[in-house]
Amino acid sequence: MQIEILSKGEAEFHFIDPDDFREFVRDKKTRDWKDKLMDEKEAIKKFVKDGDYLAYDFSSLTRGPQSLIREVIRQRKKKLWICAKFTLLESALLAGGGCVEKIDVGFLGFGEYIARKVESGEVKVYDWSNGSITYRLLAGAMGIPFIPARDLLGTDTFKKSGALAIRDPFTNKPVALLPALNPDVALIHVQEADIYGNARVYGPTVATLETAMASKRVIISAERIVETIEFRKEPNMTIIPYYLVDAVVHAPFGAYPGGTQGYYEMDAEHYMKVSSIKTEEEMQKYLEEYVYSVDSHEEFLEKRVGMKKLKELVRKAEILEGFR
Amino acid sequence: MQIEILSKGEAEFHFIDPDDFREFVRDKKTRDWKDKLMDEKEAIKKFVKDGDYLAYDFSSLTRGPQSLIREVIRQRKKKLWICAKFTLLESALLAGGGCVEKIDVGFLGFGEYIARKVESGEVKVYDWSNGSITYRLLAGAMGIPFIPARDLLGTDTFKKSGALAIRDPFTNKPVALLPALNPDVALIHVQEADIYGNARVYGPTVATLETAMASKRVIISAERIVETIEFRKEPNMTIIPYYLVDAVVHAPFGAYPGGTQGYYEMDAEHYMKVSSIKTEEEMQKYLEEYVYSVDSHEEFLEKRVGMKKLKELVRKAEILEGFR
Amino acid sequence: MKEFTDTEFMICQAARLLEDNKTVFVGWGMPQVVALLAEKLYTPNITQIFEFGAVGPQSRLPFLRGTMGGPQNTYRSLQWCSMALAFSYAQAGYIDYGMLGAAQIDRYGNINSTMIGEDYEKPKKRFPGSGGGNEVASYCWKTIIVMSHEKRRFVERCDFITSPGHVIDGKSREELGLPRNTGPWRVITSKAMFDFDEKTKELRLIGVLKGFTVEEVVDDMGFKPKIADEVVELEPPTEEELRVLREEIDPYGLIIRKGRVIKLD
Amino acid sequence: MKEFTDTEFMICQAARLLEDNKTVFVGWGMPQVVALLAEKLYTPNITQIFEFGAVGPQSRLPFLRGTMGGPQNTYRSLQWCSMALAFSYAQAGYIDYGMLGAAQIDRYGNINSTMIGEDYEKPKKRFPGSGGGNEVASYCWKTIIVMSHEKRRFVERCDFITSPGHVIDGKSREELGLPRNTGPWRVITSKAMFDFDEKTKELRLIGVLKGFTVEEVVDDMGFKPKIADEVVELEPPTEEELRVLREEIDPYGLIIRKGRVIKLD
């Protein structure tokens with residue numbers, strides 16, 4: 001008895017055998033209740049290597065792990081393969097920093113700068129879609145080698161992806177098989193975490209849990225570090241249990257220039273500054289000023305953003321309903 | 001190109017083509033904001049038919065939809081195929097009422113009465129496992145025809161199930177394919193719902209969401225009916241959006257003789273009474289007294305349980321942390 | 001004299017198509033403005049679903065680009081959930097409408113939002129890619145495509161098919177495994193509206209914005225579409241629509257001021 | 001003289017095997033009591049995971065059967081989640097230990113918890129079935145099986161293999177597609193403990209409860225197991241273990257009073 005393979009995407013894709021992922025989890029992750037608190041510098045140094053497949057969650061606009069992204073650039077990591085499920089500024093900045101070789105897309109905003117990097121072939125794009133990438137992460141999180149889905153079918157996106165189409169043995173209709181995605185490292189910003197890595201987010205959860213479960217290494221940055229008892233009091237709100245997590249970074253304004261619900265709004269002005277970058281020169285100037293020339297997220301906030309601006313962004317975040 | 005089918009479970013299984021499920025959802029479910037509040041009698045009459053595949057969530061001990069189950073028995077529904085992912089008293093009572101023909105198992109407690117029904121062949125059992133049934137519901141909820149998983153493989157449970165094993169094209173290792181499960185009707189008890197069907201649960205969520213999404217008809221019973229705004233104030237806590245739901249039943253003590261977190265504890269005495277039923281005579285006597293001879297859940301509470309007992313069970317439910 | 005941008009026309013025309021008491025999968029930017037306008041004027045009980053995991057928000061006005069996923073945009077949602085769940089609602093058949101933009105479209109409603117050029121490895125121009133567009137086009141019951149009416153955007157075969165129409169390279173959606181009875185339902189451009197021929201599944205002109213002729217519309221396309229027996233005249237934005245759009249929804253003109261200005265007597 | 005039930009012995013022996021700062025998938029009844037005892041005496045930082053969706057509870061004592069999933073059992077969990085997620089933690093490799101009971105076991109650690117008899121359609125005796133047992137046995141890194149030591153329970157081939165051991169009908173776990181390097185790790189019975197031979201994967205006697213001999217143990221089995229070069233003497237329950245079990249965890253004796261009474265000098 002056989003199942004027919006109807007077509008096969010032609011692209012290279014990141015894939016780890018679930019057995020290998022499991023053994024990594026067993027041997028390299030810890031279920032120990034140990035204090036994982038460290039700063040951006042230490043976390044990125046310890047857990048991001050050149051050549052890694054890097055995933056991050058949510059967007060430049062909202063609850064993105066921007067202080068961690070800046071640290072990746074500051075440490076001049078190289079040859080990363082990034083997961084741009086849903087991304088705007090980060091990919092451009094990472095490309096500007098020379099950190100990126102390949103991007104799985106998703107939605108690859110913004111704008112002219114990153115488009116030219118792709119058009120010139122400096123950065124190689126692999127086309128997927130937000131749904132298929134998210135489902136791939138879900139499969140990775142579940143420890144299964146693939147997940148079937150009914151998107152991508154028939155399109156050029158399919159052809160340029162790493163998906164398969166088979167004749168489903170239960171319906172006799174074509175269905176796509178999306179290979180599991182297990183990133184080497186995930187960067188995730190949350191509102192609240194404890195020092196062990198228990199974490200919760202308020203607002204849409206995007207792929208926070210799936211990305212954390214599916215990734216070999218997980219760095220959480222959090223607006224606030226709270227006591228473990230806070231999670232135990234409202235267990236339905238916990239999205240990440242500690243044993244998925246390798247490092248916890250206390251990063252107030254960690255999503256800046258984006259916003260974090262319940263804490264501060266996006267800095268629209270700074271956002272425009274980044275999104276209007278077109279030339280290499282502008283990009284390098286920006287990176288020099290805002291990334292390389294400061295030593296830490298705190299210094300960045302202090303010397304490049306300033307208390308007045310931060311206060312203004314906090315002031316604007318008046319909507320707290322649902323976020324606490 | 002082909003994928004090898006390695007083995008095939010031999011059992012009949014409930015399966016709906018995702019396209020047929022989708023069309024049912026489009027045509028028979030409503031996205032209308034209409035008042036779906038009705039009593040057990042009307043809900044079961046409208047939405048449970050003889051021969052249906054019936055699923056319910058959580059257990060006889062905790063947050064089970066017992067007032068709805070009793071109404072199914074009271075209306076003497078026949079030839080049901082039930083999903084005993086995780087069940088104790090319900091299956092025995094439904095078998096006692098002559099409602100059940102087939103059971104997908106899961107965990108088939110309790111005890112001597114139901115075991116004899118199975119041993120005698122009156123009730124036909126299909127062996128799965130809690131995990132595989134839950135994953136089947138997840139596939140049904142996602143609108144995909146199957147989900148791959150690494151359980152059941154090699155066992156007699158596999159042989160007696162409806163699963164397939166194939167050689168996974170990504171790892172070249174065997175993997176099980178579990179067919180999606182889309183019940184005809186789901187009975188779900190929650191702590192809070194509004195009249196449209198938005199609902200939330202406190203405590204472990206078991207397969208509440210998956211079961212609701214995967215089922216053609218969904219009857220929610222709720223300890224409390226609350227205003228819609230309550231969901232909008234804490235959207236992270238909403239587990240079921242209104243458009244999954246067909247009927248909302250206001251059922252205080254709806255999980256009795258089990259408990260509902262934050263409301264009341266299990267009635268251990270009544271529970272023992274049911275679980276010690278061994279003979280057909282005892283069963284019919286129980287059903288007569290507690291199901292057939294009362295007309296409604298309210299009458300059952302009033303005449304067969306009594307305010308004193310209810311007060312005692314509420315008194316015992318002192319732990320509220322996490323449940324509000 | 002009435003003055004409005006073609007973007008405003010597209011937004012209004014799309015908003016008029018939505019049905020009340022339905023679900024709609026809403027993408028970034030223009031679709032969001034369409035949904036807000038519809039909610040304000042025509043479909044107060046429509047439930048918007050956003051891919052990042054917001055179900056049924058009562059978004060705060062005005063629309064601000066940067067609030068996508070933030071507190072204003074997701075205000076008082078019924079549910080905040082995961083992206084996997086949002087897409088699964090659609091895949092399982094719970095989402096009635098979807099709305100998409102397109103850089104190119106072909107005769108069968110296939111959409112390109114990935115790249116222009118003949119060599120995928122060396123694109124002449126690179127766009128953001130599918131985003132959730134492929135899923136919207138694959139899963140939702142009725143997809144509405146909203147796009148500028150330019151000759152180069154209507155092509156016999158998209159340079160790259162990002163999201164599926166009714167027929168791809170000779171194969172029907174159903175043959176390809178896409179959900180039955182789904183697909184592009186209406187295409188709204190800056191001066192016309194199309195549906196798809198029931199039999200051949202080809203793009204069919206059914207409406208033209210007041211002030212334009214069928215010939216003008218068809219001349220401005222890279223292929224000749226089917227033309228309905230009766231082509232209706234599409235109403236320009238009403239005073240009320242424009243007021244709500246300009247004063248309440250998008251006072252900064254982030255979306256509505258884009259595009260060409262149209263003047264009608 | 002020390003008096004205890006064989007259930008008490010099994011619970012204590014299993015609790016001593018767990019490691020601190022690990023995760024354990026905990027089933028209904030006895031495994032729950034094992035985990036509670038371990039947490040109290042040996043592994044204060046172990047994280048219990050329950051299939052219905054509770055991660056890391058600090059369960060209230062005493063143990064009550066009916067609280068499975070209720071407020072006492074799931075008190076102050078780190079996370080309340082879905083069953084699909086609980087199993088997925090295990091399938092993805094995050095769960096170190098699993099604990100299972102068994103009606104029958106065979107030479108390779110295959111478990112029957114489904115039915116006794118030769119005809120599946122007409123079982124002589126029907127049990128509850130897998131529950132989550134198949135997943136625990138399939139996914140967790142190390143599975144501990146806890147069962148009464150009776151001749152009829154040790155069989156050459158289970159009447160029905162509910163959950164997988166190391167070799168099924170001649171095929172290894174890995175050949176069958178089960179996760180690599182998993183499988184039954186220890187079998188604890190009412191008078192002995194077994195592991196599995198590294199090479200042949202056969203059940204191997206490694207310990208005998210004080211007061212019993214190797215011969216007594218082996219005579220009471222339906223097949224002859226491998227016997228380790230050195231078979232250790234297993235300590236009966238300590239005073240402290242019994243006190244915690246009887247006074248704090250299970251004062252009503254719902255679990256611990258079951259089974260045969262053993263008296264030792």
# chains A, B, ... in the order shown; residues from 1 in each chain; ligands from 1
call {"tool": "residues_around", "arguments": {"residues": "segment 231-236 of chain B", "least_positions_apart": "4", "cutoff": "8 Å", "atoms": "only C-alpha atoms", "output": "list in words"}}
result
Tyr202, Gly203, Pro204, Met237, Glu321, Gly322 and Phe323 of chain A; Asn198, Ala199 and Glu227 of chain B; Arg76, Ser77, Leu78, Gln79, Trp80 and Cys81 of chain C
call {"tool": "write_last_selection", "arguments": {"atoms": "N, CA, C and O atoms", "output": "tab-separated table (two decimals), in the first residue's frame"}}
result
chain	number	residue	atom	x	y	z
A	202	TYR	N	0.18	39.18	27.78
A	202	TYR	CA	-1.18	39.71	27.72
A	202	TYR	C	-1.37	40.22	26.31
A	202	TYR	O	-0.49	40.85	25.75
A	203	GLY	N	-2.53	39.94	25.76
A	203	GLY	CA	-2.78	40.32	24.37
A	203	GLY	C	-2.64	39.11	23.48
A	203	GLY	O	-2.44	37.99	23.97
A	204	PRO	N	-2.78	39.33	22.16
A	204	PRO	CA	-2.65	38.20	21.23
A	204	PRO	C	-1.35	37.45	21.49
A	204	PRO	O	-0.31	38.06	21.75
A	237	MET	N	-3.19	31.66	32.89
A	237	MET	CA	-2.53	32.73	32.14
A	237	MET	C	-1.07	32.42	31.79
A	237	MET	O	-0.46	33.13	31.00
A	321	GLU	N	-6.86	47.69	30.39
A	321	GLU	CA	-7.86	46.63	30.46
A	321	GLU	C	-7.39	45.39	29.69
A	321	GLU	O	-7.03	45.48	28.52
A	322	GLY	N	-7.41	44.27	30.34
A	322	GLY	CA	-7.00	43.02	29.70
A	322	GLY	C	-5.52	42.73	29.83
A	322	GLY	O	-5.07	41.64	29.51
A	323	PHE	N	-4.77	43.72	30.29
A	323	PHE	CA	-3.31	43.56	30.32
A	323	PHE	C	-2.76	43.36	31.73
A	323	PHE	O	-1.56	43.47	31.94
B	198	ASN	N	-20.05	32.70	23.93
B	198	ASN	CA	-18.69	32.96	24.39
B	198	ASN	C	-18.52	32.30	25.75
B	198	ASN	O	-19.43	32.39	26.59
B	199	ALA	N	-17.41	31.65	25.97
B	199	ALA	CA	-17.28	30.88	27.20
B	199	ALA	C	-15.85	30.85	27.70
B	199	ALA	O	-14.90	30.96	26.92
B	227	GLU	N	-22.36	38.84	31.22
B	227	GLU	CA	-22.44	39.76	30.09
B	227	GLU	C	-21.23	39.58	29.16
B	227	GLU	O	-20.14	39.25	29.62
C	76	ARG	N	-10.83	45.42	23.52
C	76	ARG	CA	-12.05	44.67	23.84
C	76	ARG	C	-12.35	43.56	22.84
C	76	ARG	O	-13.50	43.40	22.38
C	77	SER	N	-11.34	42.81	22.51
C	77	SER	CA	-11.56	41.60	21.71
C	77	SER	C	-12.38	40.59	22.49
C	77	SER	O	-12.40	40.60	23.72
C	78	LEU	N	-13.05	39.72	21.76
C	78	LEU	CA	-13.71	38.59	22.43
C	78	LEU	C	-12.67	37.59	22.92
C	78	LEU	O	-12.84	36.94	23.93
C	79	GLN	N	-11.62	37.46	22.13
C	79	GLN	CA	-10.59	36.46	22.45
C	79	GLN	C	-9.25	36.93	21.91
C	79	GLN	O	-9.16	37.43	20.79
C	80	TRP	N	-8.22	36.80	22.73
C	80	TRP	CA	-6.84	36.96	22.28
C	80	TRP	C	-6.24	35.56	22.24
C	80	TRP	O	-6.22	34.86	23.26
C	81	CYS	N	-5.77	35.18	21.11
C	81	CYS	CA	-5.33	33.79	20.97
C	81	CYS	C	-4.08	33.72	20.11
C	81	CYS	O	-3.43	34.73	19.85
call {"tool": "residues_around", "arguments": {"residues": "Gly170 of chain D", "least_positions_apart": "6", "cutoff": "12 Å", "atoms": "only C-alpha atoms", "output": "PyMOL selection string"}}
result
(chain B and resi 154) or (chain D and resi 107-108+110+157+176+200-201)
call {"tool": "select_by_dssp", "arguments": {"residues": "segment 24-126 of chain A", "states": "strand (DSSP E or B)", "output": "ChimeraX atom specification"}}
result
/A:37,53-56,62,80-84,87,100-105,108,124-126
call {"tool": "write_last_selection", "arguments": {"atoms": "N, CA, C and O atoms", "output": "mmCIF file, in the first residue's frame"}}
result
data_model
loop_
_atom_site.group_PDB
_atom_site.id
_atom_site.type_symbol
_atom_site.label_atom_id
_atom_site.label_comp_id
_atom_site.auth_asym_id
_atom_site.auth_seq_id
_atom_site.Cartn_x
_atom_site.Cartn_y
_atom_site.Cartn_z
ATOM 1 N N LEU A 37 18.433 34.362 35.271
ATOM 2 C CA LEU A 37 18.480 35.791 34.993
ATOM 3 C C LEU A 37 19.880 36.203 34.534
ATOM 4 O O LEU A 37 20.876 35.874 35.180
ATOM 5 N N TYR A 53 19.758 29.020 13.217
ATOM 6 C CA TYR A 53 18.411 29.361 12.748
ATOM 7 C C TYR A 53 17.713 30.084 13.900
ATOM 8 O O TYR A 53 17.522 29.521 14.977
ATOM 9 N N LEU A 54 17.356 31.347 13.656
ATOM 10 C CA LEU A 54 16.860 32.230 14.724
ATOM 11 C C LEU A 54 15.401 32.606 14.505
ATOM 12 O O LEU A 54 15.037 33.086 13.430
ATOM 13 N N ALA A 55 14.572 32.399 15.513
ATOM 14 C CA ALA A 55 13.164 32.794 15.417
ATOM 15 C C ALA A 55 12.850 33.834 16.473
ATOM 16 O O ALA A 55 13.457 33.849 17.539
ATOM 17 N N TYR A 56 11.927 34.743 16.130
ATOM 18 C CA TYR A 56 11.438 35.650 17.162
ATOM 19 C C TYR A 56 9.953 35.841 16.965
ATOM 20 O O TYR A 56 9.408 35.525 15.907
ATOM 21 N N THR A 62 4.832 45.607 18.071
ATOM 22 C CA THR A 62 4.248 45.188 19.337
ATOM 23 C C THR A 62 4.999 44.003 19.922
ATOM 24 O O THR A 62 5.134 42.977 19.262
ATOM 25 N N LEU A 80 23.201 34.009 10.036
ATOM 26 C CA LEU A 80 21.958 33.530 10.637
ATOM 27 C C LEU A 80 20.938 33.234 9.538
ATOM 28 O O LEU A 80 20.920 33.861 8.485
ATOM 29 N N TRP A 81 20.089 32.276 9.857
ATOM 30 C CA TRP A 81 18.920 31.981 9.022
ATOM 31 C C TRP A 81 17.739 32.421 9.881
ATOM 32 O O TRP A 81 17.527 31.849 10.952
ATOM 33 N N ILE A 82 17.031 33.438 9.452
ATOM 34 C CA ILE A 82 16.002 33.934 10.348
ATOM 35 C C ILE A 82 14.597 33.606 9.856
ATOM 36 O O ILE A 82 14.346 33.417 8.674
ATOM 37 N N CYS A 83 13.718 33.562 10.837
ATOM 38 C CA CYS A 83 12.338 33.162 10.612
ATOM 39 C C CYS A 83 11.485 34.420 10.633
ATOM 40 O O CYS A 83 11.133 34.922 11.696
ATOM 41 N N ALA A 84 11.220 34.952 9.425
ATOM 42 C CA ALA A 84 10.469 36.211 9.336
ATOM 43 C C ALA A 84 9.002 35.926 9.114
ATOM 44 O O ALA A 84 8.398 36.376 8.156
ATOM 45 N N THR A 87 7.401 40.075 10.242
ATOM 46 C CA THR A 87 8.450 40.938 10.743
ATOM 47 C C THR A 87 8.581 42.174 9.895
ATOM 48 O O THR A 87 8.269 42.180 8.724
ATOM 49 N N VAL A 100 22.604 38.274 8.608
ATOM 50 C CA VAL A 100 21.650 37.356 7.998
ATOM 51 C C VAL A 100 22.114 36.831 6.654
ATOM 52 O O VAL A 100 22.541 37.597 5.802
ATOM 53 N N GLU A 101 21.923 35.557 6.471
ATOM 54 C CA GLU A 101 22.217 34.964 5.179
ATOM 55 C C GLU A 101 20.930 34.518 4.492
ATOM 56 O O GLU A 101 20.765 34.667 3.302
ATOM 57 N N LYS A 102 20.013 33.976 5.286
ATOM 58 C CA LYS A 102 18.784 33.423 4.731
ATOM 59 C C LYS A 102 17.588 33.872 5.567
ATOM 60 O O LYS A 102 17.704 34.040 6.780
ATOM 61 N N ILE A 103 16.462 34.032 4.880
ATOM 62 C CA ILE A 103 15.238 34.403 5.600
ATOM 63 C C ILE A 103 14.083 33.530 5.132
ATOM 64 O O ILE A 103 13.827 33.431 3.933
ATOM 65 N N ASP A 104 13.399 32.901 6.078
ATOM 66 C CA ASP A 104 12.127 32.255 5.764
ATOM 67 C C ASP A 104 11.026 33.294 5.891
ATOM 68 O O ASP A 104 10.850 33.895 6.944
ATOM 69 N N VAL A 105 10.269 33.478 4.804
ATOM 70 C CA VAL A 105 9.209 34.495 4.754
ATOM 71 C C VAL A 105 7.895 33.781 4.500
ATOM 72 O O VAL A 105 7.841 32.914 3.645
ATOM 73 N N LEU A 108 7.785 39.861 4.784
ATOM 74 C CA LEU A 108 9.067 40.514 4.894
ATOM 75 C C LEU A 108 8.932 42.010 4.648
ATOM 76 O O LEU A 108 9.147 42.498 3.563
ATOM 77 N N LYS A 124 19.230 35.589 0.979
ATOM 78 C CA LYS A 124 18.397 34.635 0.237
ATOM 79 C C LYS A 124 17.070 34.439 0.959
ATOM 80 O O LYS A 124 17.032 34.173 2.159
ATOM 81 N N VAL A 125 15.989 34.560 0.171
ATOM 82 C CA VAL A 125 14.662 34.421 0.752
ATOM 83 C C VAL A 125 14.066 33.064 0.411
ATOM 84 O O VAL A 125 14.213 32.584 -0.718
ATOM 85 N N TYR A 126 13.426 32.453 1.378
ATOM 86 C CA TYR A 126 12.645 31.245 1.138
ATOM 87 C C TYR A 126 11.185 31.584 1.411
ATOM 88 O O TYR A 126 10.841 31.973 2.512
#
call {"tool": "closest_atom_pairs", "arguments": {"of": "segment 61-126 of chain C", "to": "segment 133-140 of chain C", "cutoff": "9 Å", "atoms": "only C-alpha atoms", "output": "Markdown table"}}
result
| residue | atom | partner | partner_atom | distance |
| --- | --- | --- | --- | --- |
| C:Phe87 | CA | C:Glu135 | CA | 7.2 |
| C:Ser88 | CA | C:Tyr139 | CA | 9.0 |
| C:Ala90 | CA | C:Tyr139 | CA | 5.4 |
| C:Gln91 | CA | C:Tyr139 | CA | 5.0 |
| C:Ala92 | CA | C:Tyr139 | CA | 7.9 |
| C:Gly93 | CA | C:Cys140 | CA | 6.9 |
| C:Tyr94 | CA | C:Cys140 | CA | 8.0 |
| C:Ile95 | CA | C:Cys140 | CA | 5.4 |
| C:Asp96 | CA | C:Cys140 | CA | 5.8 |
| C:Tyr97 | CA | C:Cys140 | CA | 5.7 |
| C:Gly98 | CA | C:Val136 | CA | 5.7 |
| C:Met99 | CA | C:Val136 | CA | 7.4 |
| C:Leu100 | CA | C:Gly133 | CA | 6.5 |
| C:Gly101 | CA | C:Gly133 | CA | 8.4 |
| C:Ile111 | CA | C:Ala137 | CA | 8.9 |
| C:Ser113 | CA | C:Gly133 | CA | 8.5 |
call {"tool": "write_last_selection", "arguments": {"atoms": "N, CA, C and O atoms", "output": "mmCIF file, in the first residue's frame"}}
result
data_model
loop_
_atom_site.group_PDB
_atom_site.id
_atom_site.type_symbol
_atom_site.label_atom_id
_atom_site.label_comp_id
_atom_site.auth_asym_id
_atom_site.auth_seq_id
_atom_site.Cartn_x
_atom_site.Cartn_y
_atom_site.Cartn_z
ATOM 1 N N PHE C 87 -5.714 30.993 12.283
ATOM 2 C CA PHE C 87 -5.742 30.351 10.966
ATOM 3 C C PHE C 87 -6.601 29.082 10.985
ATOM 4 O O PHE C 87 -7.237 28.737 9.993
ATOM 5 N N SER C 88 -6.596 28.393 12.116
ATOM 6 C CA SER C 88 -7.382 27.159 12.177
ATOM 7 C C SER C 88 -8.883 27.447 12.156
ATOM 8 O O SER C 88 -9.649 26.662 11.598
ATOM 9 N N ALA C 90 -10.124 29.614 10.351
ATOM 10 C CA ALA C 90 -10.370 29.779 8.914
ATOM 11 C C ALA C 90 -10.319 28.435 8.190
ATOM 12 O O ALA C 90 -11.180 28.119 7.373
ATOM 13 N N GLN C 91 -9.306 27.613 8.520
ATOM 14 C CA GLN C 91 -9.159 26.334 7.829
ATOM 15 C C GLN C 91 -10.345 25.417 8.098
ATOM 16 O O GLN C 91 -10.739 24.619 7.255
ATOM 17 N N ALA C 92 -10.928 25.536 9.299
ATOM 18 C CA ALA C 92 -12.061 24.680 9.652
ATOM 19 C C ALA C 92 -13.395 25.222 9.127
ATOM 20 O O ALA C 92 -14.432 24.600 9.342
ATOM 21 N N GLY C 93 -13.360 26.376 8.467
ATOM 22 C CA GLY C 93 -14.570 26.851 7.807
ATOM 23 C C GLY C 93 -15.360 27.914 8.536
ATOM 24 O O GLY C 93 -16.472 28.253 8.128
ATOM 25 N N TYR C 94 -14.799 28.450 9.630
ATOM 26 C CA TYR C 94 -15.560 29.410 10.436
ATOM 27 C C TYR C 94 -15.483 30.855 9.932
ATOM 28 O O TYR C 94 -16.155 31.724 10.482
ATOM 29 N N ILE C 95 -14.650 31.124 8.918
ATOM 30 C CA ILE C 95 -14.487 32.517 8.491
ATOM 31 C C ILE C 95 -15.125 32.738 7.119
ATOM 32 O O ILE C 95 -14.760 32.104 6.129
ATOM 33 N N ASP C 96 -16.084 33.654 7.104
ATOM 34 C CA ASP C 96 -16.874 33.867 5.900
ATOM 35 C C ASP C 96 -16.118 34.650 4.833
ATOM 36 O O ASP C 96 -16.110 34.273 3.677
ATOM 37 N N TYR C 97 -15.546 35.767 5.246
ATOM 38 C CA TYR C 97 -14.910 36.658 4.276
ATOM 39 C C TYR C 97 -13.418 36.822 4.574
ATOM 40 O O TYR C 97 -12.996 36.774 5.723
ATOM 41 N N GLY C 98 -12.680 37.027 3.487
ATOM 42 C CA GLY C 98 -11.289 37.412 3.629
ATOM 43 C C GLY C 98 -11.033 38.580 2.698
ATOM 44 O O GLY C 98 -11.734 38.747 1.693
ATOM 45 N N MET C 99 -10.054 39.401 3.038
ATOM 46 C CA MET C 99 -9.747 40.548 2.169
ATOM 47 C C MET C 99 -8.258 40.605 1.917
ATOM 48 O O MET C 99 -7.467 40.485 2.847
ATOM 49 N N LEU C 100 -7.896 40.811 0.669
ATOM 50 C CA LEU C 100 -6.505 40.761 0.264
ATOM 51 C C LEU C 100 -6.167 41.872 -0.711
ATOM 52 O O LEU C 100 -7.009 42.279 -1.508
ATOM 53 N N GLY C 101 -4.928 42.317 -0.694
ATOM 54 C CA GLY C 101 -4.406 43.157 -1.759
ATOM 55 C C GLY C 101 -3.664 42.294 -2.772
ATOM 56 O O GLY C 101 -3.531 41.090 -2.591
ATOM 57 N N ILE C 111 -3.153 35.480 -7.345
ATOM 58 C CA ILE C 111 -2.585 36.723 -6.824
ATOM 59 C C ILE C 111 -1.079 36.613 -6.677
ATOM 60 O O ILE C 111 -0.575 35.601 -6.192
ATOM 61 N N SER C 113 1.851 38.534 -4.666
ATOM 62 C CA SER C 113 2.316 39.568 -3.739
ATOM 63 C C SER C 113 3.740 39.254 -3.299
ATOM 64 O O SER C 113 4.149 39.625 -2.212
#
call {"tool": "interface_residues", "arguments": {"of": "chain A", "to": "chain B", "cutoff": "9 Å", "atoms": "only C-alpha atoms", "output": "PyMOL selection string"}}
result
chain A and resi 1-7+15-18+142-150+164+166+168-171+175+179+201-205+232-237+321-324
call {"tool": "closest_residue", "arguments": {"among": "C:Pro179, C:Gly211, C:Gly117, C:Pro62", "to": "chain A", "atoms": "only C-alpha atoms"}}
result
C:Pro179
call {"tool": "residues_around", "arguments": {"residues": "segment 28-43 of chain D", "least_positions_apart": "5", "cutoff": "8 Å", "atoms": "only C-alpha atoms", "output": "PyMOL selection string"}}
result
chain D and resi 11-12+14-16+18-21+48+59+63+65+68+99-100+241+244-245+249-250+255
call {"tool": "write_last_selection", "arguments": {"atoms": "C-alpha atoms", "output": "compact mmCIF listing (two decimals), in the first residue's frame"}}
result
# COMPACT_ATOMS: atom_id res chain seq x y z
CA ILE D 11 4.95 3.44 46.40
CA CYS D 12 8.03 3.98 48.52
CA ALA D 14 9.04 4.10 43.18
CA ALA D 15 9.36 7.40 45.04
CA ARG D 16 13.01 6.64 45.80
CA LEU D 18 12.58 9.71 41.03
CA GLU D 19 15.17 12.45 40.61
CA ASP D 20 14.84 15.97 41.84
CA ASN D 21 14.59 18.86 39.37
CA GLN D 48 4.44 16.94 38.04
CA SER D 59 -1.29 19.61 45.46
CA PHE D 63 -4.89 12.78 48.56
CA ARG D 65 -9.52 10.24 44.66
CA MET D 68 -8.31 14.49 40.16
CA MET D 99 4.64 6.12 35.79
CA LEU D 100 2.22 3.41 34.78
CA GLU D 241 7.90 7.13 54.60
CA VAL D 244 4.09 10.64 55.70
CA LEU D 245 2.05 8.23 53.63
CA ILE D 249 -0.83 11.86 52.10
CA ASP D 250 -3.42 9.10 52.33
CA ILE D 255 -4.61 3.78 47.87
